[in-house]
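Source file: upload-v1.txt (compact mmCIF, C-alpha atoms and all ligand atoms)
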# COMPACT_ATOMS: atom_id res chain seq x y z
CA MET X 1 11.82 17.08 2.79
CA ALA X 2 12.82 13.74 4.17
CA GLU X 3 16.19 12.28 3.29
CA PHE X 4 16.60 8.56 2.74
CA ASN X 5 19.29 5.89 2.81
CA GLN X 6 21.34 7.92 5.23
CA LEU X 7 21.28 5.35 8.00
CA SER X 8 22.59 1.79 7.72
CA LEU X 9 20.08 0.41 10.19
CA ASP X 10 17.57 -2.39 9.87
CA LEU X 11 13.96 -1.61 9.05
CA ALA X 12 12.95 -2.43 12.65
CA SER X 13 15.34 0.20 14.05
CA LEU X 14 14.51 2.77 11.38
CA SER X 15 10.79 2.48 12.12
CA VAL X 16 11.47 3.44 15.72
CA HIS X 17 14.30 5.98 15.30
CA ALA X 18 14.44 7.53 11.81
CA ASP X 19 12.60 10.64 13.03
CA ASP X 20 14.55 11.06 16.31
CA ASP X 21 16.20 14.28 15.19
CA LEU X 22 12.81 15.82 14.39
CA THR X 23 11.63 15.79 17.99
CA LEU X 24 10.63 19.29 19.07
CA VAL X 25 10.09 18.41 22.74
CA ALA X 26 11.46 15.88 25.23
CA ASP X 27 8.61 13.37 24.84
CA VAL X 28 9.75 9.87 23.92
CA ALA X 29 6.46 9.23 22.12
CA SER X 30 5.60 11.84 19.51
CA PRO X 31 2.97 14.35 20.65
CA LEU X 32 -0.21 14.69 18.63
CA HIS X 33 -0.16 18.24 17.26
CA VAL X 34 -3.72 19.26 16.48
CA SER X 35 -3.13 22.85 15.37
CA THR X 36 -3.94 23.85 11.81
CA THR X 37 -1.88 27.04 12.10
CA TYR X 38 1.42 28.07 13.72
CA HIS X 39 2.26 31.47 15.09
CA TYR X 40 5.00 33.42 13.34
CA GLU X 41 8.27 34.66 14.87
CA THR X 42 7.73 37.46 17.37
CA ASP X 43 10.95 39.17 16.28
CA PRO X 44 10.04 41.15 13.11
CA SER X 45 13.59 40.85 11.80
CA LYS X 46 13.11 37.06 11.53
CA LEU X 47 9.96 37.24 9.39
CA ILE X 48 10.57 35.96 5.87
CA SER X 49 7.96 36.76 3.23
CA ALA X 50 6.58 34.21 0.74
CA LYS X 51 8.43 36.13 -2.00
CA GLU X 52 11.76 35.51 -0.26
CA ARG X 53 11.42 31.78 0.31
CA ASP X 54 9.43 28.85 -1.01
CA ILE X 55 7.09 27.86 1.81
CA ILE X 56 6.96 24.15 0.96
CA SER X 57 10.66 23.48 0.46
CA SER X 58 11.58 25.58 3.52
CA GLY X 59 9.78 23.02 5.71
CA ALA X 60 8.57 25.88 7.93
CA PHE X 61 5.35 25.26 9.85
CA ILE X 62 2.81 27.82 8.68
CA TYR X 63 -0.49 26.08 7.93
CA SER X 64 -1.18 22.38 8.33
CA ARG X 65 -2.19 21.88 4.66
CA PHE X 66 1.45 22.70 3.79
CA GLY X 67 2.96 20.31 6.34
CA THR X 68 3.04 19.56 10.05
CA PRO X 69 5.63 18.36 12.58
CA VAL X 70 4.09 14.86 12.53
CA THR X 71 3.79 14.72 8.73
CA GLN X 72 7.51 15.45 8.58
CA ARG X 73 8.24 12.69 11.09
CA VAL X 74 6.09 10.15 9.28
CA GLU X 75 7.78 11.04 5.99
CA ALA X 76 11.22 10.77 7.62
CA VAL X 77 10.46 7.22 8.81
CA LEU X 78 8.76 6.11 5.61
CA SER X 79 11.49 7.57 3.41
CA GLN X 80 14.02 5.40 5.19
CA ILE X 81 12.03 2.21 4.97
CA VAL X 82 10.75 2.53 1.41
CA HIS X 83 14.12 3.73 0.01
CA GLY X 84 12.97 6.96 -1.57
CA HIS X 85 11.41 10.34 -0.78
CA ALA X 86 8.01 9.47 0.65
CA VAL X 87 5.09 11.90 0.45
CA VAL X 88 2.07 11.05 2.58
CA TYR X 89 -1.56 11.53 1.51
CA ALA X 90 -5.03 11.25 2.99
CA SER X 91 -5.61 7.83 1.37
CA GLY X 92 -4.11 5.41 -1.12
CA LEU X 93 -6.44 6.75 -3.79
CA SER X 94 -5.56 10.38 -3.10
CA ALA X 95 -1.92 9.33 -3.55
CA TYR X 96 -2.83 7.71 -6.86
CA THR X 97 -4.78 10.82 -7.93
CA ALA X 98 -1.67 12.90 -7.16
CA ALA X 99 0.49 10.55 -9.25
CA LEU X 100 -1.84 10.79 -12.26
CA ALA X 101 -1.98 14.58 -11.87
CA TYR X 102 1.82 14.72 -11.69
CA TYR X 103 2.49 12.55 -14.77
CA ASN X 104 -0.63 13.73 -16.64
CA PRO X 105 -0.28 10.96 -19.25
CA SER X 106 -2.31 10.64 -22.48
CA HIS X 107 -2.40 6.85 -22.11
CA LEU X 108 -2.49 4.80 -18.93
CA ALA X 109 -1.63 1.09 -19.18
CA LEU X 110 -3.58 -0.50 -16.38
CA ALA X 111 -4.10 -4.21 -15.71
CA ASP X 112 -6.91 -5.59 -13.57
CA GLY X 113 -6.12 -4.89 -9.92
CA TYR X 114 -7.79 -2.66 -7.36
CA HIS X 115 -11.11 -1.37 -8.69
CA GLY X 116 -10.62 2.04 -7.03
CA SER X 117 -7.57 2.80 -9.18
CA HIS X 118 -9.75 2.18 -12.22
CA GLY X 119 -12.27 4.60 -10.72
CA VAL X 120 -9.60 7.32 -10.46
CA ALA X 121 -8.52 6.65 -14.06
CA ALA X 122 -12.16 7.05 -15.15
CA ILE X 123 -12.28 10.51 -13.52
CA PHE X 124 -9.14 11.56 -15.42
CA ASN X 125 -10.74 10.23 -18.59
CA ARG X 126 -13.67 12.59 -17.91
CA LEU X 127 -11.37 15.52 -17.11
CA SER X 128 -8.62 15.23 -19.65
CA GLY X 129 -9.55 12.43 -22.04
CA LEU X 130 -6.91 10.10 -20.51
CA LYS X 131 -7.14 6.81 -22.40
CA GLN X 132 -6.94 3.61 -20.41
CA ILE X 133 -5.19 0.88 -22.39
CA LYS X 134 -4.24 -2.74 -21.72
CA PRO X 135 -0.75 -3.51 -20.37
CA TYR X 136 1.76 -3.93 -23.21
CA ASP X 137 -0.53 -2.08 -25.64
CA GLU X 138 1.56 -0.64 -28.49
CA ALA X 139 -0.19 2.72 -28.01
CA LEU X 140 1.91 3.39 -24.87
CA GLY X 141 4.34 6.17 -25.79
CA GLN X 142 6.42 9.13 -24.64
CA GLY X 143 5.04 10.74 -21.47
CA ASP X 144 2.56 7.92 -20.82
CA LEU X 145 2.24 5.87 -17.66
CA PHE X 146 2.31 2.11 -17.04
CA HIS X 147 0.62 1.26 -13.75
CA ILE X 148 1.39 -2.17 -12.34
CA GLU X 149 -0.01 -3.54 -9.12
CA SER X 150 2.04 -6.40 -7.70
CA PRO X 151 1.04 -8.59 -5.98
CA ILE X 152 -2.32 -7.83 -7.48
CA ASN X 153 -5.58 -7.27 -5.66
CA PRO X 154 -7.54 -9.46 -4.92
CA THR X 155 -5.69 -12.68 -5.80
CA GLY X 156 -2.29 -11.76 -4.33
CA GLU X 157 -0.44 -13.09 -7.36
CA SER X 158 2.67 -11.29 -8.60
CA LEU X 159 3.11 -9.59 -11.97
CA ASP X 160 6.49 -9.10 -13.62
CA ILE X 161 7.71 -5.60 -12.65
CA ALA X 162 11.01 -5.75 -14.60
CA LYS X 163 9.16 -6.68 -17.79
CA ALA X 164 6.78 -3.73 -17.38
CA VAL X 165 9.75 -1.38 -16.80
CA GLU X 166 11.56 -2.61 -19.90
CA PHE X 167 8.48 -2.21 -22.07
CA ALA X 168 7.48 1.20 -20.73
CA HIS X 169 10.95 2.76 -20.65
CA SER X 170 11.73 1.61 -24.20
CA ARG X 171 8.76 3.77 -25.26
CA GLY X 172 9.56 6.80 -23.11
CA ALA X 173 6.78 6.01 -20.62
CA LYS X 174 7.05 5.96 -16.82
CA VAL X 175 6.17 3.12 -14.45
CA ILE X 176 4.32 3.35 -11.16
CA VAL X 177 4.00 0.26 -8.95
CA ASP X 178 1.24 -0.13 -6.41
CA SER X 179 3.12 -2.19 -3.83
CA THR X 180 0.37 -2.13 -1.19
CA PHE X 181 0.20 -5.96 -1.01
CA ALA X 182 3.98 -6.31 -0.51
CA PRO X 183 5.37 -3.44 1.54
CA PRO X 184 8.96 -3.58 2.83
CA PRO X 185 10.76 -5.85 3.57
CA LEU X 186 8.71 -8.07 1.23
CA GLN X 187 9.46 -6.17 -1.98
CA ASP X 188 11.34 -3.10 -3.23
CA PRO X 189 10.06 -2.14 -6.70
CA PHE X 190 12.92 0.39 -7.08
CA GLU X 191 15.30 -2.60 -7.51
CA PHE X 192 13.63 -3.06 -10.90
CA GLY X 193 13.99 0.55 -12.04
CA VAL X 194 10.44 1.80 -11.52
CA ASP X 195 9.84 5.54 -11.42
CA MET X 196 7.36 5.76 -8.59
CA VAL X 197 5.96 3.50 -5.90
CA MET X 198 2.61 3.91 -4.20
CA HIS X 199 1.10 2.28 -1.14
CA SER X 200 -2.22 2.43 0.54
CA ALA X 201 -0.79 3.12 4.01
CA THR X 202 -4.28 2.32 5.31
CA LYS X 203 -3.17 -1.30 5.05
CA TYR X 204 0.15 -2.63 6.45
CA PHE X 205 1.79 0.66 7.47
CA GLY X 206 -1.31 1.69 9.44
CA GLY X 207 -1.93 -1.93 10.38
CA HIS X 208 -4.78 -1.49 12.88
CA SER X 209 -7.76 -0.76 10.60
CA ASP X 210 -8.15 2.68 12.17
CA LEU X 211 -6.67 5.17 9.73
CA LEU X 212 -6.75 6.08 6.04
CA ALA X 213 -3.50 7.16 4.39
CA GLY X 214 -1.45 6.70 1.24
CA ILE X 215 2.07 7.38 0.08
CA LEU X 216 3.94 8.08 -3.12
CA VAL X 217 7.67 7.40 -3.21
CA THR X 218 10.21 8.76 -5.68
CA LYS X 219 14.01 8.63 -5.84
CA ASP X 220 14.05 12.08 -7.44
CA PRO X 221 14.06 14.99 -4.93
CA GLU X 222 12.68 17.39 -7.54
CA VAL X 223 9.70 15.15 -8.21
CA ALA X 224 9.13 14.89 -4.45
CA GLN X 225 9.18 18.71 -4.17
CA GLN X 226 6.57 19.01 -6.91
CA LEU X 227 4.40 16.36 -5.24
CA LEU X 228 4.59 18.29 -1.96
CA LYS X 229 3.59 21.50 -3.73
CA ASP X 230 0.73 19.77 -5.55
CA ARG X 231 -0.43 18.21 -2.29
CA ALA X 232 -0.59 21.60 -0.63
CA MET X 233 -2.89 22.81 -3.43
CA PHE X 234 -5.04 19.67 -3.63
CA GLY X 235 -5.37 19.72 0.15
CA SER X 236 -4.76 15.98 0.18
CA ALA X 237 -2.48 15.60 3.19
CA PRO X 238 -3.85 13.36 5.95
CA GLY X 239 -5.37 15.04 9.01
CA ASN X 240 -3.39 15.50 12.22
CA MET X 241 -4.96 12.56 14.05
CA GLU X 242 -4.47 10.12 11.17
CA THR X 243 -0.87 11.19 10.66
CA TRP X 244 -0.12 10.68 14.33
CA LEU X 245 -1.80 7.25 14.32
CA LEU X 246 0.32 6.31 11.31
CA LEU X 247 3.53 7.35 13.06
CA ARG X 248 2.56 5.35 16.13
CA SER X 249 1.73 2.31 13.99
CA LEU X 250 5.08 2.44 12.22
CA ARG X 251 6.91 1.77 15.48
CA SER X 252 5.78 -1.88 15.45
CA TYR X 253 5.67 -2.20 11.68
CA LYS X 254 8.30 -4.88 11.06
CA LEU X 255 7.02 -7.14 13.84
CA ARG X 256 3.54 -7.01 12.40
CA VAL X 257 4.25 -7.39 8.71
CA THR X 258 6.76 -10.23 9.07
CA THR X 259 4.42 -12.16 11.39
CA GLN X 260 1.60 -11.64 8.91
CA ALA X 261 3.82 -12.78 6.01
CA HIS X 262 4.89 -15.98 7.82
CA ASN X 263 1.32 -16.71 8.92
CA GLY X 264 0.09 -16.16 5.36
CA VAL X 265 2.51 -18.68 3.86
CA LYS X 266 1.58 -21.34 6.42
CA ILE X 267 -2.13 -20.82 5.79
CA VAL X 268 -1.64 -20.99 2.02
CA GLU X 269 0.30 -24.25 2.52
CA PHE X 270 -2.54 -25.67 4.60
CA LEU X 271 -5.16 -24.64 2.04
CA SER X 272 -3.28 -25.79 -1.05
CA LYS X 273 -2.41 -29.16 0.53
CA GLY X 274 -6.06 -29.62 1.48
CA LEU X 275 -7.09 -28.75 -2.07
CA THR X 276 -4.68 -31.21 -3.69
CA SER X 277 -5.38 -34.05 -1.23
CA GLY X 278 -9.15 -33.59 -1.43
CA GLU X 279 -9.33 -33.07 2.35
CA LEU X 280 -10.98 -29.68 1.82
CA PRO X 281 -13.64 -30.61 -0.77
CA VAL X 282 -15.35 -27.20 -0.90
CA LEU X 283 -12.16 -25.51 -2.15
CA THR X 284 -11.57 -25.21 -5.91
CA LYS X 285 -8.61 -22.81 -6.11
CA VAL X 286 -5.97 -21.10 -3.98
CA TYR X 287 -4.26 -18.02 -5.40
CA HIS X 288 -0.98 -16.76 -3.92
CA SER X 289 2.41 -15.62 -5.12
CA SER X 290 4.10 -18.48 -3.18
CA LEU X 291 2.28 -20.92 -5.49
CA GLN X 292 3.51 -19.27 -8.70
CA LYS X 293 6.30 -20.98 -10.61
CA GLU X 294 7.69 -18.05 -12.65
CA ALA X 295 11.28 -17.06 -11.74
CA PHE X 296 10.47 -13.35 -11.40
CA VAL X 297 8.23 -14.00 -8.39
CA THR X 298 11.07 -15.03 -6.07
CA GLU X 299 13.26 -12.27 -7.50
CA GLN X 300 10.63 -9.70 -6.52
CA LEU X 301 9.60 -11.23 -3.19
CA ASN X 302 13.15 -12.11 -2.44
CA ARG X 303 13.28 -12.65 1.28
CA GLY X 304 11.05 -15.67 1.50
CA LEU X 305 8.35 -13.32 2.74
CA TYR X 306 5.15 -13.43 0.76
CA ASN X 307 2.10 -11.21 0.75
CA PRO X 308 -0.29 -11.96 3.64
CA THR X 309 -3.37 -11.18 1.48
CA PHE X 310 -4.64 -13.63 -1.14
CA SER X 311 -7.79 -15.28 -2.46
CA ILE X 312 -9.46 -18.66 -2.61
CA GLU X 313 -12.37 -19.95 -4.63
CA VAL X 314 -14.99 -22.35 -3.38
CA LYS X 315 -17.49 -24.56 -5.23
CA THR X 316 -20.59 -22.36 -5.03
CA ALA X 317 -21.56 -18.75 -4.40
CA LEU X 318 -23.66 -19.92 -1.44
CA ILE X 319 -20.59 -21.46 0.20
CA ALA X 320 -18.61 -18.28 -0.48
CA LYS X 321 -21.33 -16.17 1.14
CA SER X 322 -21.69 -18.52 4.11
CA LEU X 323 -18.07 -19.36 4.96
CA PRO X 324 -17.27 -15.99 6.66
CA SER X 325 -20.08 -16.44 9.19
CA LYS X 326 -18.70 -19.88 10.17
CA LEU X 327 -15.30 -18.42 11.12
CA LYS X 328 -14.59 -17.28 14.68
CA LEU X 329 -11.22 -15.51 14.25
CA PHE X 330 -11.81 -13.75 10.91
CA HIS X 331 -14.01 -10.67 10.62
CA HIS X 332 -16.16 -10.62 7.50
CA ALA X 333 -15.02 -7.23 6.22
CA THR X 334 -13.26 -5.52 3.37
CA SER X 335 -9.72 -4.03 3.55
CA LEU X 336 -6.49 -5.76 4.50
CA GLY X 337 -3.20 -5.39 6.30
CA GLY X 338 -4.49 -5.00 9.85
CA VAL X 339 -3.48 -7.02 12.91
CA GLU X 340 -6.83 -8.82 12.80
CA SER X 341 -7.51 -11.43 10.13
CA LEU X 342 -10.25 -10.57 7.65
CA ILE X 343 -12.14 -12.54 5.06
CA GLU X 344 -14.35 -10.96 2.43
CA TRP X 345 -16.87 -12.39 0.02
CA ARG X 346 -15.26 -10.14 -2.55
CA ALA X 347 -18.38 -9.72 -4.68
CA MET X 348 -19.57 -7.33 -1.91
CA THR X 349 -17.23 -4.58 -3.13
CA ASP X 350 -15.77 -5.67 -6.47
CA LYS X 351 -18.03 -6.13 -9.50
CA THR X 352 -15.27 -7.75 -11.54
CA VAL X 353 -14.65 -10.97 -9.55
CA PRO X 354 -16.43 -14.35 -9.65
CA ASP X 355 -19.03 -14.75 -6.90
CA THR X 356 -17.20 -17.84 -5.63
CA LEU X 357 -14.14 -15.80 -4.60
CA LEU X 358 -13.12 -14.97 -1.03
CA ARG X 359 -10.23 -12.68 -0.15
CA LEU X 360 -8.29 -13.33 3.05
CA SER X 361 -6.08 -10.85 4.87
CA ILE X 362 -4.02 -12.65 7.47
CA GLY X 363 -3.34 -10.91 10.77
CA VAL X 364 -0.99 -11.47 13.70
CA GLU X 365 -3.04 -14.07 15.58
CA ASP X 366 -1.46 -17.45 16.33
CA VAL X 367 -1.25 -19.24 12.99
CA GLU X 368 -2.31 -22.63 14.36
CA ASP X 369 -5.45 -21.03 15.78
CA LEU X 370 -6.20 -19.48 12.39
CA ILE X 371 -5.67 -22.80 10.61
CA ALA X 372 -7.92 -24.62 13.08
CA ASP X 373 -10.61 -22.00 12.52
CA LEU X 374 -10.40 -22.32 8.74
CA ARG X 375 -10.41 -26.13 9.01
CA GLN X 376 -13.63 -26.20 11.04
CA ALA X 377 -15.39 -23.60 8.85
CA LEU X 378 -14.45 -25.40 5.61
CA ALA X 379 -15.54 -28.74 7.10
CA ALA X 380 -18.87 -27.24 8.22
CA SER X 381 -19.41 -25.88 4.66
CA VAL X 382 -19.46 -29.41 3.20
CA ASP X 383 -23.14 -29.55 4.27
CA LEU X 384 -23.87 -26.87 1.66
CA LEU X 385 -22.56 -28.95 -1.26
C1 LIG B 401 -3.95 -2.42 -3.96
C2 LIG B 401 -4.66 -1.22 -3.43
N1 LIG B 401 -4.30 0.00 -3.86
C3 LIG B 401 -4.92 1.12 -3.43
C4 LIG B 401 -5.97 1.04 -2.53
C5 LIG B 401 -6.65 2.29 -2.09
O1 LIG B 401 -6.25 2.64 -0.82
P1 LIG B 401 -7.12 3.57 0.17
O2 LIG B 401 -8.33 2.77 0.55
O3 LIG B 401 -6.19 3.85 1.29
O4 LIG B 401 -7.49 4.77 -0.61
C6 LIG B 401 -6.37 -0.21 -2.05
C7 LIG B 401 -7.49 -0.30 -1.10
O5 LIG B 401 -7.98 -1.37 -0.80
C8 LIG B 401 -5.70 -1.36 -2.51
O6 LIG B 401 -6.05 -2.58 -2.10
Spell out the structure here as C-alpha cells.
Amino acid sequence: MAEFNQLSLDLASLSVHADDDLTLVADVASPLHVSTTYHYETDPSKLISAKERDIISSGAFIYSRFGTPVTQRVEAVLSQIVHGHAVVYASGLSAYTAALAYYNPSHLALADGYHGSHGVAAIFNRLSGLKQIKPYDEALGQGDLFHIESPINPTGESLDIAKAVEFAHSRGAKVIVDSTFAPPPLQDPFEFGVDMVMHSATKYFGGHSDLLAGILVTKDPEVAQQLLKDRAMFGSAPGNMETWLLLRSLRSYKLRVTTQAHNGVKIVEFLSKGLTSGELPVLTKVYHSSLQKEAFVTEQLNRGLYNPTFSIEVKTALIAKSLPSKLKLFHHATSLGGVESLIEWRAMTDKTVPDTLLRLSIGVEDVEDLIADLRQALAASVDLL
C-alpha cells in the first residue's frame, strides 16, 4: 500500500517521481503491463500459500483484480499529492459505491451536487434501505455519513466543509468530500478534518478526456487496507490501459490544473464584468467560487486557485441551446477537467437544473483566445433575444 507525506517535494516533482522506486525495469516511462495474471516463483521453497499471508496487503502480483504494477505506481503518486492513502477505482462512481459500502450508513446526508452520486445512493436505498436526508438534518447520527461536494457540480460554488465536519462529528457521523472540482493544489479537504476524500479521476487527474477512473483517499492505513480488499471483491479496479493512461497523465498534472485554474478565473472575471456592465446582455448569472463572499471559500481554496469548472445562466432556453454551436474553441459535451474547453447545455444530462444553465469546463488553451471566442458567441446570441 502506498505511503504518503514521506517526501518534502512540490506537487510537480511528486507527480513525476513519487513512484520512482517502484520501477521494475530500466524504462524511464512506465511500461503498460497488460497481463491479468503473473507467474509464481519457480523455486517451490519460495511459494507462500494464501493461508500464510494476506494477498492484498502483501502487495504481491498474483491476479490483476488484486493489484498490478501500474496500479501501485498510480497509487504511490496519488497518495503523495492528495495527502492520504489513495485507492484507485474504475470510475468516480465506483469509488463512491465503495465508500458507501465501506461506511454502510443508515442515513446519508447529501446536498444537491452530481446527479450520479444520487443515483448510487438510490441503489443503496433499494439494497439496504439507506435513507437519504438533507444536509444538517437532525436524523444524522452515529455511524451515518455526511457527503459534501465542494465546489459543487454544476455551479462550481463552494460549500462549507468545516461546518459539515463539525455537525457530522458531533453526532458520531463520518464526512466524505467529493473534491473532484478542486483537486490539489486547489483544495485539501483533510485540512478541515474530513474522514475520506473522493475524486472522479476521469476529470483533472486524467485530464485528456480519454480514461475513466476514481479515487478514495483516507489517512487511516487500516481503512485503506479494507478498501483494497473490498475492491478486489467488487472487481472495481480500473483496467490496465486506463491505469497506465492515468499514470502518464499525472506527469503533467500540475501544469495542466494550474493553467486551467488561472484561465478559469480570468474567464469568470470577463463574464461577470460583462454581466454587471450590461455589455453581455444575454447573460443573467455567473456562478463561481471566486464570486462568493463567505470567508470559508478562501480558506478552502487557499492558494488563489479556483475551480476551472462553473456555470452561467442566459436569458432563454433557446439561447442556452444555441450558444455552444456558436463557439469555435469549446466542444459541446459533458464532463470536465480535460485539456480542451467544454461547454454543456446542462439540461442534456441533468434533470435537476434550469434549462437556461450552461456549464463550462475551462481547458489549457490560451485564455485570450477563449475570451474572444466567448465574446463573439455571446454577441451573436443577442439576435435570439
Ligand atoms: C463531482 C463529480 N463526482 C463524481 C463524478 C463521477 O465520476 P465518473 O464519471 O468518473 O464516475 C462526476 C462526474 O461527472 C462528478 O462531476
Report task. Return the single residue from X:Pro324, X:Gly274, X:Gly207, X:Gly59 that is closest to Gly337 in chain X, with distances computed using only C-alpha atoms. Result -> X:Gly207
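Counting all atoms listed in the file and comparing X:Ser289, X:Thr284, X:Ser325, X:Ser15, the residue that lies closest to Leu159 in chain X is X:Ser289.
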Query raised in the report: Which residue, X:Leu385, X:Gln260, X:Asp195, X:Ala109, has the smallest gap to Val223 in chain X when you use all atoms listed in the file?
Result: X:Asp195
Report task. Would you mind listing what lies within 6 Å of range 165-176 of chain X as an MDAnalysis selection string, with all atoms listed in the file counted and same-chain residues fewer than 6 positions away left out? Result -> chainID X and resid 141:147 194:197
Hey, could you pull the box centre and edge lengths for range 239-252 of chain X, axis-aligned, 8 Å padding per side, all listed atoms, to one decimal in Å, as lines of an AutoDock Vina configuration file?
center_x = 0.8
center_y = 6.8
center_z = 12.6
size_x = 28.3
size_y = 33.4
size_z = 23.1
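Identified as lying at most 7 Å from ligand LIG 401 (chain B) when counting only C-alpha atoms and all ligand atoms are the residues Ser91, Gly92, Leu93, Ser94, Gly113, Tyr114, Gly116, Ser117, Glu149, Ile152, Asn153, Asp178, Thr180, Phe181, His199, Ser200, Ala201, Thr202, Leu212, Ala213, Gly214 and Ser335 of chain X.
You can rank X:Ala320, X:Val34, X:Val382, X:Ile215 by their closest distance to Met241 in chain X using only C-alpha atoms, and at the top of that list sits X:Val34.
Using all atoms listed in the file, the shortest contact distance between Glu365 in chain X and any of X:Lys293, X:Lys229, X:Lys351, X:His262 is found at X:His262.
Pairwise distance (CA of Gly206 in chain X, CA of Ser252 in chain X) equals 10.0 Å.
The closest residue to Thr71 in chain X, picked from X:Thr218, X:Ser8, X:Asn307, X:Ser30 and counting only C-alpha atoms, is X:Ser30.
Straight-line separation from CA of Val70 in chain X to CA of Leu22 in chain X: 9.0 Å.
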Query raised in the report: Skipping near chain neighbours, those fewer than 3 positions away, what residues fall within 10 Å of Asp10 in chain X using only C-alpha atoms, listed as a PyMOL selection string?
Result: chain X and resi 7+13-15+80-81+185+254
Report task. Find the residues near range 224-226 of chain X: any atom within 12 Å, counting only C-alpha atoms, skip ones fewer than 6 places away on the same chain, and give them as a PyMOL selection string. Result -> chain X and resi 1-3+54-59+66+75+79+84-88+98-99+101-103+195-197+215-218+232-233
Report task. Calculate how many Å separate CA of Val28 in chain X from CA of Ser209 in chain X, rounding to one decimal. Result -> 24.4 Å
**Report entry** Contacts of range 310-316 of chain X within 6 Å, all atoms listed in the file, excl. fewer than 5 positions in-chain, as a PyMOL selection string
**Finding:** chain X and resi 155-156+282-288+356-360
